[in-house]
>>> print(open('start-v3.txt').read())   # compact mmCIF, C-alpha atoms and all ligand atoms
# COMPACT_ATOMS: atom_id res chain seq x y z
CA MET A 305 0.00 0.00 0.00
CA VAL A 306 1.22 3.52 -0.83
CA ASN A 307 2.37 5.49 2.19
CA ARG A 308 0.71 8.79 1.34
CA LYS A 309 1.80 12.25 2.33
CA ILE A 310 -0.76 14.82 1.21
CA VAL A 311 -0.41 18.59 0.80
CA VAL A 312 -3.69 20.46 0.42
CA LYS A 313 -4.31 23.87 -1.13
CA MET A 314 -7.45 25.49 0.26
CA GLY A 315 -8.47 28.00 -2.38
CA GLY A 316 -9.32 31.50 -1.20
CA SER A 317 -12.61 31.16 -3.10
CA LEU A 318 -13.81 28.71 -0.40
CA LEU A 319 -13.33 31.11 2.47
CA PHE A 320 -15.69 34.03 1.87
CA ASP A 321 -19.35 34.60 1.03
CA SER A 322 -20.34 37.31 -1.44
CA ASP A 323 -20.91 39.74 1.48
CA LEU A 324 -17.30 39.03 2.61
CA SER A 325 -18.39 37.13 5.72
CA ILE A 326 -16.22 34.11 6.48
CA ARG A 327 -17.78 30.75 5.54
CA SER A 328 -17.27 29.19 8.94
CA ASP A 329 -19.64 26.31 8.01
CA ILE A 330 -17.34 25.07 5.26
CA MET A 331 -14.25 25.80 7.35
CA THR A 332 -15.68 23.65 10.17
CA GLN A 333 -16.49 20.78 7.78
CA LEU A 334 -13.11 20.91 6.07
CA SER A 335 -11.26 21.18 9.39
CA ALA A 336 -13.03 18.02 10.63
CA ILE A 337 -11.82 16.16 7.51
CA PHE A 338 -8.27 17.53 7.87
CA GLN A 339 -8.22 16.48 11.53
CA GLU A 340 -9.45 12.97 10.67
CA SER A 341 -7.07 12.41 7.77
CA PRO A 342 -3.96 10.51 8.86
CA ASN A 343 -1.94 11.71 5.87
CA ILE A 344 -2.19 15.49 5.65
CA ALA A 345 1.22 17.11 6.09
CA ALA A 346 0.44 20.70 5.10
CA ILE A 347 -2.39 23.04 4.14
CA ILE A 348 -1.81 26.18 2.10
CA VAL A 349 -4.53 28.80 2.27
CA GLY A 350 -5.40 31.24 -0.52
CA GLY A 351 -6.01 34.96 -0.23
CA GLY A 352 -9.50 35.01 -1.72
CA LYS A 353 -11.72 38.10 -1.83
CA ILE A 354 -10.00 39.87 1.04
CA ALA A 355 -6.70 39.75 -0.90
CA ARG A 356 -8.33 41.20 -3.99
CA ILE A 357 -9.94 44.04 -1.99
CA TYR A 358 -6.58 45.06 -0.52
CA ILE A 359 -4.79 44.70 -3.86
CA GLN A 360 -7.40 46.89 -5.57
CA ALA A 361 -7.10 49.55 -2.84
CA ALA A 362 -3.27 49.48 -3.03
CA ARG A 363 -3.49 49.96 -6.83
CA GLU A 364 -5.69 53.01 -6.27
CA PHE A 365 -2.83 54.42 -4.15
CA HIS A 366 -0.49 53.72 -7.10
CA ALA A 367 1.32 50.80 -5.45
CA ASP A 368 3.54 48.84 -7.82
CA GLU A 369 2.65 45.20 -8.59
CA SER A 370 5.17 43.87 -6.09
CA GLN A 371 3.66 45.98 -3.30
CA CYS A 372 0.21 44.77 -4.37
CA ASP A 373 1.47 41.19 -4.06
CA THR A 374 2.57 41.82 -0.46
CA PHE A 375 -1.02 42.74 0.40
CA GLY A 376 -2.16 39.45 -1.15
CA ILE A 377 0.50 37.59 0.84
CA GLY A 378 -0.55 39.33 4.07
CA ALA A 379 -4.22 38.46 3.46
CA SER A 380 -3.41 34.80 2.75
CA GLN A 381 -1.31 34.59 5.92
CA LEU A 382 -4.21 36.04 7.93
CA ASN A 383 -6.46 33.36 6.41
CA ALA A 384 -3.83 30.73 7.28
CA SER A 385 -3.91 31.89 10.91
CA LEU A 386 -7.66 31.35 10.96
CA VAL A 387 -7.25 27.80 9.60
CA ILE A 388 -4.66 27.14 12.34
CA THR A 389 -7.20 28.32 14.90
CA ALA A 390 -9.89 26.06 13.41
CA LEU A 391 -7.52 23.04 13.44
CA GLY A 392 -6.48 23.58 17.06
CA GLU A 393 -3.93 21.13 18.49
CA LYS A 394 -3.43 19.36 15.15
CA ALA A 395 -1.79 22.39 13.55
CA TYR A 396 1.71 23.82 13.92
CA PRO A 397 0.78 27.04 15.78
CA LYS A 398 2.24 29.64 13.39
CA PRO A 399 1.89 30.11 9.63
CA ILE A 400 4.96 29.02 7.65
CA THR A 401 6.25 32.13 5.84
CA HIS A 402 9.44 30.91 4.13
CA PRO A 403 10.59 27.62 2.52
CA SER A 404 13.47 27.36 5.02
CA GLU A 405 10.97 26.95 7.89
CA VAL A 406 9.27 23.89 6.38
CA ALA A 407 11.75 21.13 7.27
CA ILE A 408 12.21 22.48 10.80
CA ALA A 409 8.49 22.81 11.52
CA ALA A 410 7.87 19.32 10.06
CA GLN A 411 9.85 17.84 12.97
CA PHE A 412 6.90 18.56 15.28
CA ASN A 413 4.50 16.14 13.50
CA LYS A 414 1.75 18.74 13.24
CA ILE A 415 -0.07 19.93 10.14
CA LEU A 416 1.88 22.87 8.68
CA VAL A 417 -0.25 25.79 7.49
CA ALA A 418 0.97 28.52 5.13
CA GLY A 419 -0.28 31.44 3.07
CA GLY A 420 1.88 33.21 0.49
CA PHE A 421 5.68 33.44 0.47
CA ILE A 422 7.10 36.01 -1.97
CA PRO A 423 5.79 38.44 -4.63
CA GLY A 424 5.34 37.30 -8.21
CA GLN A 425 3.70 33.95 -7.56
CA SER A 426 0.59 32.45 -5.97
CA THR A 427 -0.41 30.22 -3.08
CA THR A 428 -0.51 27.36 -5.60
CA SER A 429 3.24 27.88 -6.18
CA VAL A 430 3.70 27.79 -2.39
CA THR A 431 1.71 24.54 -2.30
CA PHE A 432 3.99 22.90 -4.88
CA GLN A 433 7.15 24.27 -3.17
CA ILE A 434 6.08 22.82 0.18
CA ALA A 435 5.06 19.52 -1.46
CA GLU A 436 8.54 19.28 -2.99
CA ILE A 437 10.33 20.03 0.30
CA LEU A 438 8.19 17.50 2.22
CA ASN A 439 8.56 14.89 -0.53
CA ALA A 440 4.76 14.61 -0.68
CA THR A 441 3.06 11.90 -2.74
CA ASP A 442 -0.07 13.93 -3.48
CA VAL A 443 -1.27 17.50 -3.81
CA VAL A 444 -5.01 18.14 -3.58
CA ILE A 445 -6.16 21.57 -4.75
CA LEU A 446 -9.55 22.53 -3.32
CA THR A 447 -11.35 25.23 -5.22
CA ASP A 448 -14.89 26.33 -6.13
CA VAL A 449 -15.20 24.19 -9.28
CA ASP A 450 -15.17 20.41 -9.62
CA GLY A 451 -12.15 20.18 -11.92
CA ILE A 452 -10.14 21.66 -14.77
CA TYR A 453 -12.18 22.70 -17.82
CA ASP A 454 -11.09 23.60 -21.33
CA LYS A 455 -12.29 27.17 -20.61
CA ASP A 456 -13.61 29.08 -17.60
CA PRO A 457 -16.79 27.22 -16.50
CA HIS A 458 -17.99 30.34 -14.65
CA LYS A 459 -18.18 32.15 -18.00
CA HIS A 460 -18.87 29.41 -20.58
CA THR A 461 -21.78 26.99 -20.21
CA ASP A 462 -20.27 24.71 -22.89
CA ALA A 463 -16.94 24.31 -21.05
CA LYS A 464 -15.80 20.68 -20.93
CA LYS A 465 -14.26 19.08 -17.87
CA PHE A 466 -11.16 16.87 -17.98
CA ASP A 467 -11.08 13.76 -15.75
CA GLU A 468 -7.35 13.62 -16.46
CA ILE A 469 -5.07 16.14 -18.13
CA SER A 470 -1.42 15.91 -19.21
CA ILE A 471 0.99 18.79 -18.59
CA PRO A 472 1.19 19.74 -22.32
CA GLN A 473 -2.64 19.78 -22.48
CA LEU A 474 -2.72 21.90 -19.33
CA GLU A 475 -0.25 24.37 -20.85
CA GLU A 476 -2.49 24.67 -23.87
CA VAL A 477 -5.53 25.42 -21.70
CA ILE A 478 -3.57 27.95 -19.62
CA TYR A 479 -1.64 29.74 -22.35
CA GLY A 480 -3.93 29.15 -25.31
CA GLN A 481 -2.83 27.78 -28.61
CA GLY A 482 -0.59 30.80 -29.27
CA GLY A 483 1.55 29.89 -26.24
CA ASN A 484 1.18 33.35 -24.68
CA THR A 485 2.65 33.10 -21.16
CA GLN A 486 1.55 36.59 -20.09
CA ALA A 487 -1.67 36.50 -18.04
CA THR A 488 -4.13 39.36 -18.42
CA ALA A 489 -6.69 40.34 -15.80
CA GLY A 490 -9.73 38.09 -15.56
CA GLU A 491 -8.20 35.36 -17.71
CA TYR A 492 -8.87 31.66 -16.93
CA ARG A 493 -5.53 30.79 -15.34
CA ILE A 494 -5.64 27.56 -13.36
CA LEU A 495 -1.95 27.69 -12.48
CA ASP A 496 0.55 30.54 -12.66
CA ALA A 497 3.88 30.18 -14.50
CA VAL A 498 5.91 29.45 -11.33
CA SER A 499 3.51 26.64 -10.35
CA LEU A 500 3.73 25.12 -13.80
CA GLN A 501 7.54 25.10 -13.72
CA ILE A 502 7.63 23.36 -10.32
CA LEU A 503 4.98 20.88 -11.47
CA LYS A 504 7.06 19.92 -14.51
CA ARG A 505 10.07 18.88 -12.41
CA SER A 506 8.30 17.31 -9.43
CA ARG A 507 7.10 13.80 -8.67
CA PHE A 508 3.88 14.26 -6.69
CA SER A 509 0.42 13.66 -8.21
CA VAL A 510 -2.04 16.53 -8.38
CA CYS A 511 -5.82 16.40 -8.11
CA LEU A 512 -7.96 19.53 -8.40
CA THR A 513 -11.49 19.32 -7.05
CA ASP A 514 -14.43 21.12 -5.44
CA GLY A 515 -13.75 21.94 -1.78
CA GLY A 516 -17.48 22.28 -1.13
CA ASN A 517 -18.17 18.59 -1.85
CA VAL A 518 -17.45 17.36 1.64
CA GLU A 519 -18.51 13.71 1.20
CA THR A 520 -16.22 13.23 -1.80
CA LEU A 521 -13.39 14.90 0.04
CA ARG A 522 -13.82 12.54 2.95
CA GLN A 523 -13.43 9.61 0.52
CA LEU A 524 -10.24 11.15 -0.84
CA LEU A 525 -8.55 12.53 2.25
CA VAL A 526 -9.76 10.21 5.01
CA ASP A 527 -10.35 6.92 3.13
CA ASN A 528 -7.46 7.51 0.66
CA ARG A 529 -9.66 6.67 -2.36
CA PHE A 530 -7.22 8.14 -4.87
CA ASP A 531 -8.37 5.39 -7.28
CA LEU A 532 -11.78 7.11 -7.74
CA THR A 533 -12.42 9.69 -10.46
CA ILE A 534 -12.65 12.81 -8.32
CA GLY A 535 -12.13 16.24 -9.92
CA THR A 536 -9.29 16.35 -12.44
CA LYS A 537 -6.00 14.48 -12.12
CA ILE A 538 -2.94 16.18 -13.61
CA LEU A 539 -0.84 13.41 -15.10
CA SER A 540 2.87 13.74 -14.34
CA SER A 541 5.15 13.54 -17.36
P1 LIG A 601 -3.62 33.56 -4.05
O1 LIG A 601 -2.66 32.76 -4.80
O2 LIG A 601 -4.18 32.96 -2.85
O3 LIG A 601 -4.77 34.06 -5.00
O4 LIG A 601 -2.91 34.90 -3.59
P2 LIG A 601 -6.34 33.77 -4.97
O5 LIG A 601 -6.87 34.58 -6.07
O6 LIG A 601 -6.92 33.93 -3.62
O7 LIG A 601 -6.33 32.28 -5.41
P3 LIG A 601 -7.19 31.09 -4.97
O8 LIG A 601 -8.63 31.49 -5.03
O9 LIG A 601 -6.74 30.77 -3.57
O10 LIG A 601 -6.78 30.03 -5.95
C1 LIG A 601 -3.50 36.17 -3.59
C2 LIG A 601 -2.50 37.16 -4.14
O11 LIG A 601 -1.37 37.26 -3.26
C3 LIG A 601 -0.16 37.41 -3.99
C4 LIG A 601 -0.56 37.50 -5.45
O12 LIG A 601 -0.78 38.86 -5.77
C5 LIG A 601 -1.89 36.74 -5.48
O13 LIG A 601 -2.70 37.14 -6.55
N1 LIG A 601 0.77 36.29 -3.68
C6 LIG A 601 0.33 35.14 -3.08
C7 LIG A 601 2.12 36.43 -3.97
O14 LIG A 601 2.55 37.45 -4.53
N2 LIG A 601 2.98 35.43 -3.60
C8 LIG A 601 2.57 34.29 -2.98
O15 LIG A 601 3.42 33.42 -2.66
C9 LIG A 601 1.19 34.13 -2.75
>>> encode(input="start-v3.txt", output="structure tokens")
Amino acid sequence: MVNRKIVVKMGGSLLFDSDLSIRSDIMTQLSAIFQESPNIAAIIVGGGKIARIYIQAAREFHADESQCDTFGIGASQLNASLVITALGEKAYPKPITHPSEVAIAAQFNKILVAGGFIPGQSTTSVTFQIAEILNATDVVILTDVDGIYDKDPHKHTDAKKFDEISIPQLEEVIYGQGGNTQATAGEYRILDAVSLQILKRSRFSVCLTDGGNVETLRQLLVDNRFDLTIGTKILSS
């Protein structure tokens, strides 16, 4: 049997309602699953709406993009602190803020929780960095859709979901057929460029799925049913 070590990304989209209140119901349900799972080594928490509000305000004050990123990082670290609070004893008590802290904190056999690290990337890049350092077998990305589609399912009703996707196919979905690596605002970008580079060189498996589907998540994270078709699997090269 595979000895699994799982790193979970909790997308910022799962954390807030449209009125910006915190979705404590889903946080409670997810925390219960994280506490029950014997294999979760780390959870990385996204910035979500609160990050975007701060970034927008910073732009209005003419902040450069790097400064804007630091607001996103700060927001994601605040969200990470809330997840630590929800997890209680099971969590390492402080958000991880730099790759060099990972191996040291892992000695305590608690679930590590992180937000962002440095400007110019995303909490998905942090997820893959931590998975690499911990030598994880699996990364599970929890978001507000049930998988990777050929175009943004929030905008296109005819978008088609992949059960499995190879890295070249994923690059085509992300960058389009022209291979344009420059993201523009509002584009359907499942992974940023840094994440994609780490993914290409790493050995862990990645599954992206809906964080709101608690029963399915229990099958995956508590019962280790990685054989089921849940969300989209990114096939390693
Ligand atoms: P996220 O990656 O969490 O974005 O970081 P998000 O939109 O909330 O993504 P989901 O919903 O969790 O997938 C929010 C912002 O913080 C900055 C970036 O500006 C990013 O858009 N950030 C985050 C960094 O610059 N570096 C990091 O390591 C993480």
>>> residues_near_ligand(input="start-v3.txt", ligand="ligand LIG 601 (chain A)", cutoff="9 Å", atoms="only C-alpha atoms and all ligand atoms", output="count of residues only")
48
>>> atom_distance(input="start-v3.txt", atom1="atom CA of Glu340 of chain A", atom2="atom CA of Asp527 of chain A")
9.7 Å
>>> closest_residue(input="start-v3.txt", among="A:Gly451, A:Phe508, A:Ile344, A:Pro457", to="Thr536 of chain A", atoms="all atoms listed in the file")
A:Gly451
>>> closest_residue(input="start-v3.txt", among="A:Phe432, A:Phe365, A:Tyr453, A:Tyr358", to="Ala346 of chain A", atoms="all atoms listed in the file")
A:Phe432
>>> closest_residue(input="start-v3.txt", among="A:Gln411, A:Gln360, A:Gln339, A:Asn528", to="Ala395 of chain A", atoms="all atoms listed in the file")
A:Gln339
>>> residues_around(input="start-v3.txt", residues="Leu474 of chain A", least_positions_apart="5", cutoff="12 Å", atoms="all atoms listed in the file", output="PDB file with C-alpha atoms, in the coordinates of the input")
ATOM      1  CA  ILE A 452     -10.140  21.660 -14.770  1.00  0.00           C
ATOM      2  CA  TYR A 453     -12.180  22.700 -17.820  1.00  0.00           C
ATOM      3  CA  ASP A 454     -11.090  23.600 -21.330  1.00  0.00           C
ATOM      4  CA  LYS A 455     -12.290  27.170 -20.610  1.00  0.00           C
ATOM      5  CA  LYS A 465     -14.260  19.080 -17.870  1.00  0.00           C
ATOM      6  CA  PHE A 466     -11.160  16.870 -17.980  1.00  0.00           C
ATOM      7  CA  GLU A 468      -7.350  13.620 -16.460  1.00  0.00           C
ATOM      8  CA  ILE A 469      -5.070  16.140 -18.130  1.00  0.00           C
ATOM      9  CA  TYR A 479      -1.640  29.740 -22.350  1.00  0.00           C
ATOM     10  CA  GLY A 480      -3.930  29.150 -25.310  1.00  0.00           C
ATOM     11  CA  GLN A 481      -2.830  27.780 -28.610  1.00  0.00           C
ATOM     12  CA  GLY A 483       1.550  29.890 -26.240  1.00  0.00           C
ATOM     13  CA  TYR A 492      -8.870  31.660 -16.930  1.00  0.00           C
ATOM     14  CA  ARG A 493      -5.530  30.790 -15.340  1.00  0.00           C
ATOM     15  CA  ILE A 494      -5.640  27.560 -13.360  1.00  0.00           C
ATOM     16  CA  LEU A 495      -1.950  27.690 -12.480  1.00  0.00           C
ATOM     17  CA  ASP A 496       0.550  30.540 -12.660  1.00  0.00           C
ATOM     18  CA  ALA A 497       3.880  30.180 -14.500  1.00  0.00           C
ATOM     19  CA  SER A 499       3.510  26.640 -10.350  1.00  0.00           C
ATOM     20  CA  LEU A 500       3.730  25.120 -13.800  1.00  0.00           C
ATOM     21  CA  LEU A 503       4.980  20.880 -11.470  1.00  0.00           C
ATOM     22  CA  LYS A 504       7.060  19.920 -14.510  1.00  0.00           C
ATOM     23  CA  THR A 536      -9.290  16.350 -12.440  1.00  0.00           C
ATOM     24  CA  LYS A 537      -6.000  14.480 -12.120  1.00  0.00           C
ATOM     25  CA  ILE A 538      -2.940  16.180 -13.610  1.00  0.00           C
ATOM     26  CA  LEU A 539      -0.840  13.410 -15.100  1.00  0.00           C
ATOM     27  CA  SER A 540       2.870  13.740 -14.340  1.00  0.00           C
ATOM     28  CA  SER A 541       5.150  13.540 -17.360  1.00  0.00           C
TER      29      SER A 541
END
>>> atom_distance(input="start-v3.txt", atom1="atom CA of Asn413 of chain A", atom2="atom CA of Lys398 of chain A")
13.7 Å
>>> atom_distance(input="start-v3.txt", atom1="atom CA of Asn343 of chain A", atom2="atom CA of Val526 of chain A")
8.0 Å
>>> residues_near_point(input="start-v3.txt", point="(8.7, 19.5, -3.7)", cutoff="12 Å", atoms="all atoms listed in the file", output="PyMOL selection string")
chain A and resi 309-311+403+406-407+429-443+499+501-509
>>> residues_around(input="start-v3.txt", residues="Asp329 of chain A", least_positions_apart="5", cutoff="12 Å", atoms="all atoms listed in the file", output="ChimeraX atom specification")
/A:318-321,334-336,390,516,518
>>> residues_around(input="start-v3.txt", residues="Ile400 of chain A", least_positions_apart="6", cutoff="7 Å", atoms="all atoms listed in the file", output="PDB file with C-alpha atoms, in the frame of the given file")
ATOM      1  CA  VAL A 406       9.270  23.890   6.380  1.00  0.00           C
ATOM      2  CA  LEU A 416       1.880  22.870   8.680  1.00  0.00           C
ATOM      3  CA  VAL A 417      -0.250  25.790   7.490  1.00  0.00           C
ATOM      4  CA  ALA A 418       0.970  28.520   5.130  1.00  0.00           C
TER       5      ALA A 418
END
>>> build_atoms(input="start-v3.txt", residues="segment 338-359 of chain A", atoms="N, CA, C and O atoms", output="mmCIF file, in the frame of the given file")
data_model
loop_
_atom_site.group_PDB
_atom_site.id
_atom_site.type_symbol
_atom_site.label_atom_id
_atom_site.label_comp_id
_atom_site.auth_asym_id
_atom_site.auth_seq_id
_atom_site.Cartn_x
_atom_site.Cartn_y
_atom_site.Cartn_z
ATOM 1 N N PHE A 338 -9.735 17.403 7.722
ATOM 2 C CA PHE A 338 -8.270 17.530 7.870
ATOM 3 C C PHE A 338 -7.813 16.877 9.175
ATOM 4 O O PHE A 338 -6.767 16.233 9.230
ATOM 5 N N GLN A 339 -8.608 17.059 10.234
ATOM 6 C CA GLN A 339 -8.220 16.480 11.530
ATOM 7 C C GLN A 339 -8.298 14.957 11.507
ATOM 8 O O GLN A 339 -7.508 14.270 12.132
ATOM 9 N N GLU A 340 -9.261 14.434 10.737
ATOM 10 C CA GLU A 340 -9.450 12.970 10.670
ATOM 11 C C GLU A 340 -8.441 12.292 9.756
ATOM 12 O O GLU A 340 -8.134 11.119 9.925
ATOM 13 N N SER A 341 -7.971 13.024 8.741
ATOM 14 C CA SER A 341 -7.070 12.410 7.770
ATOM 15 C C SER A 341 -5.728 12.077 8.425
ATOM 16 O O SER A 341 -5.118 12.935 9.060
ATOM 17 N N PRO A 342 -5.253 10.857 8.250
ATOM 18 C CA PRO A 342 -3.960 10.510 8.860
ATOM 19 C C PRO A 342 -2.777 10.991 8.021
ATOM 20 O O PRO A 342 -1.633 10.910 8.462
ATOM 21 N N ASN A 343 -3.037 11.485 6.820
ATOM 22 C CA ASN A 343 -1.940 11.710 5.870
ATOM 23 C C ASN A 343 -1.661 13.168 5.492
ATOM 24 O O ASN A 343 -0.832 13.423 4.630
ATOM 25 N N ILE A 344 -2.388 14.105 6.081
ATOM 26 C CA ILE A 344 -2.190 15.490 5.650
ATOM 27 C C ILE A 344 -0.980 16.107 6.356
ATOM 28 O O ILE A 344 -0.915 16.158 7.578
ATOM 29 N N ALA A 345 -0.014 16.545 5.536
ATOM 30 C CA ALA A 345 1.220 17.110 6.090
ATOM 31 C C ALA A 345 1.162 18.635 6.129
ATOM 32 O O ALA A 345 1.761 19.254 7.003
ATOM 33 N N ALA A 346 0.467 19.234 5.159
ATOM 34 C CA ALA A 346 0.440 20.700 5.100
ATOM 35 C C ALA A 346 -0.818 21.193 4.391
ATOM 36 O O ALA A 346 -1.363 20.489 3.526
ATOM 37 N N ILE A 347 -1.249 22.383 4.790
ATOM 38 C CA ILE A 347 -2.390 23.040 4.140
ATOM 39 C C ILE A 347 -1.955 24.458 3.787
ATOM 40 O O ILE A 347 -1.420 25.169 4.641
ATOM 41 N N ILE A 348 -2.172 24.827 2.526
ATOM 42 C CA ILE A 348 -1.810 26.180 2.100
ATOM 43 C C ILE A 348 -3.107 26.905 1.773
ATOM 44 O O ILE A 348 -3.962 26.384 1.057
ATOM 45 N N VAL A 349 -3.250 28.102 2.342
ATOM 46 C CA VAL A 349 -4.530 28.800 2.270
ATOM 47 C C VAL A 349 -4.417 30.005 1.336
ATOM 48 O O VAL A 349 -3.458 30.781 1.417
ATOM 49 N N GLY A 350 -5.398 30.159 0.466
ATOM 50 C CA GLY A 350 -5.400 31.240 -0.520
ATOM 51 C C GLY A 350 -5.824 32.572 0.091
ATOM 52 O O GLY A 350 -6.273 32.643 1.237
ATOM 53 N N GLY A 351 -5.673 33.614 -0.698
ATOM 54 C CA GLY A 351 -6.010 34.960 -0.230
ATOM 55 C C GLY A 351 -7.485 35.297 -0.392
ATOM 56 O O GLY A 351 -8.074 36.008 0.421
ATOM 57 N N GLY A 352 -8.067 34.804 -1.480
ATOM 58 C CA GLY A 352 -9.500 35.010 -1.720
ATOM 59 C C GLY A 352 -9.882 36.484 -1.864
ATOM 60 O O GLY A 352 -9.051 37.326 -2.185
ATOM 61 N N LYS A 353 -11.160 36.753 -1.598
ATOM 62 C CA LYS A 353 -11.720 38.100 -1.830
ATOM 63 C C LYS A 353 -11.004 39.178 -1.039
ATOM 64 O O LYS A 353 -10.791 40.277 -1.528
ATOM 65 N N ILE A 354 -10.632 38.858 0.179
ATOM 66 C CA ILE A 354 -10.000 39.870 1.040
ATOM 67 C C ILE A 354 -8.676 40.330 0.419
ATOM 68 O O ILE A 354 -8.334 41.510 0.457
ATOM 69 N N ALA A 355 -7.957 39.399 -0.220
ATOM 70 C CA ALA A 355 -6.700 39.750 -0.900
ATOM 71 C C ALA A 355 -6.991 40.704 -2.048
ATOM 72 O O ALA A 355 -6.319 41.725 -2.216
ATOM 73 N N ARG A 356 -8.020 40.365 -2.819
ATOM 74 C CA ARG A 356 -8.330 41.200 -3.990
ATOM 75 C C ARG A 356 -8.769 42.609 -3.593
ATOM 76 O O ARG A 356 -8.439 43.588 -4.257
ATOM 77 N N ILE A 357 -9.498 42.708 -2.459
ATOM 78 C CA ILE A 357 -9.940 44.040 -1.990
ATOM 79 C C ILE A 357 -8.724 44.893 -1.620
ATOM 80 O O ILE A 357 -8.620 46.059 -2.010
ATOM 81 N N TYR A 358 -7.779 44.302 -0.903
ATOM 82 C CA TYR A 358 -6.580 45.060 -0.520
ATOM 83 C C TYR A 358 -5.728 45.406 -1.740
ATOM 84 O O TYR A 358 -5.199 46.512 -1.845
ATOM 85 N N ILE A 359 -5.604 44.453 -2.667
ATOM 86 C CA ILE A 359 -4.790 44.700 -3.860
ATOM 87 C C ILE A 359 -5.389 45.858 -4.675
ATOM 88 O O ILE A 359 -4.693 46.764 -5.125
#
